[in-house]
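As provided, input_16.txt (compact mmCIF, C-alpha atoms) reads as follows.
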```txt
# COMPACT_ATOMS: atom_id res chain seq x y z
CA MET A 629 -17.43 47.63 34.11
CA PRO A 630 -18.56 51.05 35.22
CA GLY A 631 -21.34 52.55 33.16
CA THR A 632 -22.15 49.22 31.47
CA THR A 633 -25.74 48.14 31.64
CA LEU A 634 -26.84 44.57 32.21
CA ALA A 635 -28.20 44.48 28.65
CA THR A 636 -24.80 45.52 27.25
CA LYS A 637 -23.05 42.83 29.34
CA ARG A 638 -25.46 40.21 28.02
CA LEU A 639 -24.97 41.40 24.45
CA ARG A 640 -21.18 41.20 24.83
CA SER A 641 -21.50 37.76 26.38
CA PHE A 642 -23.77 36.69 23.52
CA ASN A 643 -21.35 38.12 20.95
CA HIS A 644 -18.43 36.18 22.46
CA ALA A 645 -20.48 32.98 22.55
CA GLY A 646 -21.81 33.65 19.06
CA PHE A 647 -18.30 34.31 17.77
CA ALA A 648 -17.00 31.13 19.36
CA THR A 649 -19.86 29.13 17.85
CA ALA A 650 -19.37 30.70 14.43
CA LEU A 651 -15.62 30.04 14.62
CA ALA A 652 -16.18 26.39 15.54
CA LEU A 653 -18.71 25.93 12.74
CA GLY A 654 -16.40 27.69 10.31
CA LEU A 655 -13.55 25.35 11.18
CA LEU A 656 -15.80 22.36 10.60
CA LEU A 657 -16.88 23.74 7.24
CA VAL A 658 -13.35 24.34 5.97
CA GLN A 659 -12.25 20.81 6.84
CA PRO A 660 -12.32 18.67 3.71
CA ALA A 661 -15.44 16.51 3.80
CA HIS A 662 -13.40 13.46 2.93
CA ALA A 663 -10.95 13.95 5.79
CA GLU A 664 -13.39 11.98 7.93
CA HIS A 665 -14.06 9.35 5.26
CA ASP A 666 -11.22 6.86 5.10
CA PRO A 667 -10.63 5.64 1.52
CA THR A 668 -9.98 2.05 2.65
CA THR A 669 -13.28 1.95 4.51
CA TRP A 670 -15.02 3.35 1.44
CA TYR A 671 -13.38 0.73 -0.77
CA VAL A 672 -14.15 -2.24 1.49
CA LYS A 673 -17.58 -1.36 2.88
CA ASP A 674 -19.11 0.71 0.09
CA TYR A 675 -17.56 -0.76 -3.05
CA ALA A 676 -16.27 -4.31 -2.52
CA ALA A 677 -19.42 -5.37 -0.66
CA LEU A 678 -21.44 -4.78 -3.85
CA TRP A 679 -19.27 -7.23 -5.81
CA ALA A 680 -19.70 -9.96 -3.18
CA GLY A 681 -23.50 -9.73 -3.25
CA THR A 682 -25.39 -9.59 -6.53
CA PRO A 683 -23.19 -7.49 -8.81
CA GLY A 684 -25.27 -8.19 -11.90
CA GLU A 685 -28.27 -6.62 -10.17
CA ASP A 686 -26.21 -3.91 -8.45
CA ILE A 687 -24.43 -2.62 -11.56
CA ASP A 688 -25.77 0.93 -11.17
CA LYS A 689 -24.71 1.05 -7.51
CA ILE A 690 -21.26 -0.20 -8.51
CA LEU A 691 -21.04 2.39 -11.28
CA SER A 692 -21.88 5.16 -8.81
CA HIS A 693 -18.38 4.60 -7.38
CA TYR A 694 -16.80 5.63 -10.69
CA ALA A 695 -16.28 9.06 -12.22
CA GLU A 696 -18.13 9.81 -15.46
CA MET A 697 -15.03 8.83 -17.44
CA VAL A 698 -12.63 6.02 -16.47
CA THR A 699 -9.03 5.92 -17.64
CA THR A 700 -7.70 2.42 -18.26
CA HIS A 701 -3.94 1.96 -18.35
CA ASN A 702 -3.34 -1.04 -20.61
CA ALA A 703 -0.41 -3.47 -20.40
CA ASP A 704 0.83 -2.34 -23.83
CA GLY A 705 1.20 1.24 -22.56
CA SER A 706 -1.90 2.56 -24.28
CA ILE A 707 -4.55 4.50 -22.42
CA ASP A 708 -8.30 4.30 -22.95
CA ILE A 709 -10.72 6.88 -21.60
CA THR A 710 -14.21 5.42 -21.53
CA PRO A 711 -17.61 6.50 -20.19
CA ARG A 712 -18.22 4.52 -17.00
CA GLU A 713 -21.33 2.70 -18.30
CA ALA A 714 -19.52 1.34 -21.36
CA TRP A 715 -16.44 0.62 -19.24
CA LEU A 716 -18.30 -1.80 -16.96
CA LYS A 717 -21.79 -2.71 -18.22
CA GLU A 718 -20.68 -4.44 -21.42
CA PRO A 719 -17.84 -6.44 -19.84
CA MET A 720 -20.03 -7.47 -16.89
CA ALA A 721 -22.74 -8.73 -19.26
CA GLU A 722 -20.07 -10.89 -20.94
CA TRP A 723 -18.73 -12.17 -17.59
CA LEU A 724 -22.23 -13.13 -16.44
CA ALA A 725 -22.90 -14.92 -19.77
CA GLU A 726 -19.67 -16.90 -19.20
CA GLY A 727 -20.90 -18.07 -15.77
CA TRP A 728 -19.15 -15.55 -13.52
CA MET A 729 -21.25 -14.78 -10.44
CA THR A 730 -19.40 -12.71 -7.85
CA ALA A 731 -16.04 -11.43 -6.69
CA THR A 732 -15.00 -11.42 -3.06
CA LEU A 733 -12.30 -9.02 -1.94
CA GLN A 734 -9.36 -10.94 -0.48
CA THR A 735 -7.04 -8.06 0.30
CA VAL A 736 -6.64 -4.38 -0.44
CA GLU A 737 -3.62 -2.14 -0.02
CA THR A 738 -4.34 1.57 0.11
CA ASP A 739 -1.95 4.46 -0.34
CA GLN A 740 -3.57 7.84 0.24
CA LEU A 741 -1.32 10.15 -1.75
CA ASN A 742 -2.93 13.37 -0.51
CA GLU A 743 -6.30 14.58 0.78
CA GLY A 744 -7.98 14.04 -2.56
CA THR A 745 -6.14 11.10 -4.13
CA ALA A 746 -5.79 7.46 -3.14
CA VAL A 747 -4.58 4.36 -4.95
CA PHE A 748 -5.56 0.78 -4.22
CA LYS A 749 -4.12 -2.60 -5.10
CA ALA A 750 -6.76 -5.28 -4.66
CA LYS A 751 -6.95 -9.05 -4.91
CA TRP A 752 -10.33 -10.61 -5.68
CA LEU A 753 -11.60 -14.18 -5.66
CA ASP A 754 -13.93 -14.64 -8.65
CA GLN A 755 -16.62 -17.32 -8.29
CA TYR A 756 -18.32 -19.08 -11.19
CA GLU A 757 -21.57 -21.03 -11.56
CA ASP A 758 -19.70 -24.31 -12.11
CA GLY A 759 -18.01 -23.95 -8.71
CA SER A 760 -14.65 -22.88 -10.09
CA GLU A 761 -12.76 -19.95 -8.64
CA GLU A 762 -9.85 -17.79 -9.74
CA PHE A 763 -7.95 -14.82 -8.42
CA SER A 764 -7.73 -11.49 -10.20
CA CYS A 765 -5.98 -8.29 -9.18
CA GLY A 766 -6.33 -4.65 -10.07
CA TRP A 767 -4.88 -1.22 -9.39
CA TYR A 768 -7.35 1.61 -8.88
CA LEU A 769 -6.94 5.38 -8.76
CA ALA A 770 -9.59 7.29 -6.83
CA ASN A 771 -10.12 10.99 -6.40
CA HIS A 772 -12.36 12.81 -3.97
CA LEU A 773 -14.74 14.58 -6.36
CA GLY A 774 -18.08 16.17 -5.64
CA GLY A 775 -17.86 15.35 -1.93
CA ARG A 776 -17.13 11.64 -2.35
CA TRP A 777 -14.48 9.17 -3.47
CA GLN A 778 -14.73 8.09 -7.12
CA PHE A 779 -12.56 5.80 -9.20
CA THR A 780 -10.94 7.63 -12.09
CA GLY A 781 -8.37 5.08 -13.27
CA TYR A 782 -7.75 1.34 -13.41
CA THR A 783 -5.36 -1.32 -14.68
CA ASP A 784 -5.18 -5.09 -14.33
CA ILE A 785 -2.12 -6.22 -12.39
CA ASP A 786 -0.39 -9.54 -11.82
CA CYS A 787 -1.21 -10.74 -8.30
CA GLU A 788 2.12 -12.48 -7.69
CA ALA A 789 4.22 -9.66 -9.12
CA HIS A 790 2.54 -7.30 -6.64
CA SER A 791 2.71 -9.68 -3.68
CA LEU A 792 -1.06 -9.95 -3.47
```
This structure in structure tokens:
Amino acid sequence: MPGTTLATKRLRSFNHAGFATALALGLLLVQPAHAEHDPTTWYVKDYAALWAGTPGEDIDKILSHYAEMVTTHNADGSIDITPREAWLKEPMAEWLAEGWMTATLQTVETDQLNEGTAVFKAKWLDQYEDGSEEFSCGWYLANHLGGRWQFTGYTDIDCEAHSL
């Protein structure tokens, strides 16, 4: 370029590189944070693993996977909206008193409805102190809130009726 100094060429080169870098960073920032975090992986590795270990001791970690309020869809058609602590702490205390120890995930089916909503159907094997076991199944609604997946809804489901 006639009349262009070396300093100007370097500045233009820097501006092009700086623009390219800024554009690349900008594209990364506008990508939804959860686009890289698969809801099934979150369910299996982050959530279900806590139930298979020591759920009575890990109650607060388990609760961190739930939104502040949990909507329960009951079999009679009614809906309960409950603070997450009351939704799980009281029932878990009862289960533990009855001899329940852990629940191991047997299968999970995930349907990601959109970037911020996923539903799960899960089958669990519940283990008791006396050595007995039983299956239980549930349907979960999760939303990507505050940069992470959180359960917002739940209902018990019949394992056989849902082919689980």
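CA of Met729 (chain A) lies 5.7 Å from CA of Gln755 (chain A).
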Fill in: Spatial sel., origin (-6.3, -6.4, -12.3), limit 12 Å, all atoms listed in the file, listed as a ChimeraX atom specification
/A:700-703,748-754,763-768,781-790,792
Item to complete: Could you give me, as a ChimeraX atom specification, the residues that have an atom at most 10 Å away from the point (-13.9, -3.5, -0.5) in the coordinates of the file, using all atoms listed in the file?
Response: /A:667-680,732-736,750-752
Listed atoms of region 701-704 of chain A boxed along x, y and z, 8 Å each side, centre and edge lengths in Å, one decimal, as AutoDock Vina command-line options:
```
--center_x -1.6 --center_y -0.8 --center_z -21.1 --size_x 20.8 --size_y 21.4 --size_z 21.5
```
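The residue that comes closest to Ala714 (chain A), out of A:Gly684, A:Glu696, A:Asp666, A:Thr738 and on the basis of all atoms listed in the file, is A:Glu696.
Shortest separation to Thr699 (chain A) among A:Ala725, A:Trp715, A:Gly774, A:Ala746 occurs at residue A:Trp715, atoms counted being all atoms listed in the file.
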Practice prompt. Could you please determine the separation between CA of Val747 (chain A) and CA of Trp723 (chain A) in Å, to one decimal place?
Written response: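 Distance between the two atoms: 25.2 Å.
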Item to complete: Can you work out which one of A:Pro683, A:Gly727, A:Gly744, A:Gly705 has the shortest atom-to-atom distance to Gly775 (chain A), counting all atoms listed in the file?
Response: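 Using all atoms listed in the file, Gly775 (chain A) sits closest to A:Gly744.
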Fill in: Residue among A:Thr745, A:Ser706, A:Thr730, A:Ser791 lying closest to Leu773 (chain A), counting all atoms listed in the file
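Closest to Leu773 (chain A) of all the choices is A:Thr745.
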Worksheet item: Closest to Leu769 (chain A) among A:Met720, A:Ala731, A:Ile687, A:Val698, using all atoms listed in the file?
Response: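 Selected residue with least distance to Leu769 (chain A): A:Val698.
The coordinates place CA of Lys689 (chain A) at 22.7 Å from CA of Glu757 (chain A).
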Practice prompt. Considering all atoms listed in the file, state which residue in the set A:Gln740, A:Glu685, A:Tyr756, A:Phe779 is at the smallest distance from Arg712 (chain A).
Written response: A:Phe779
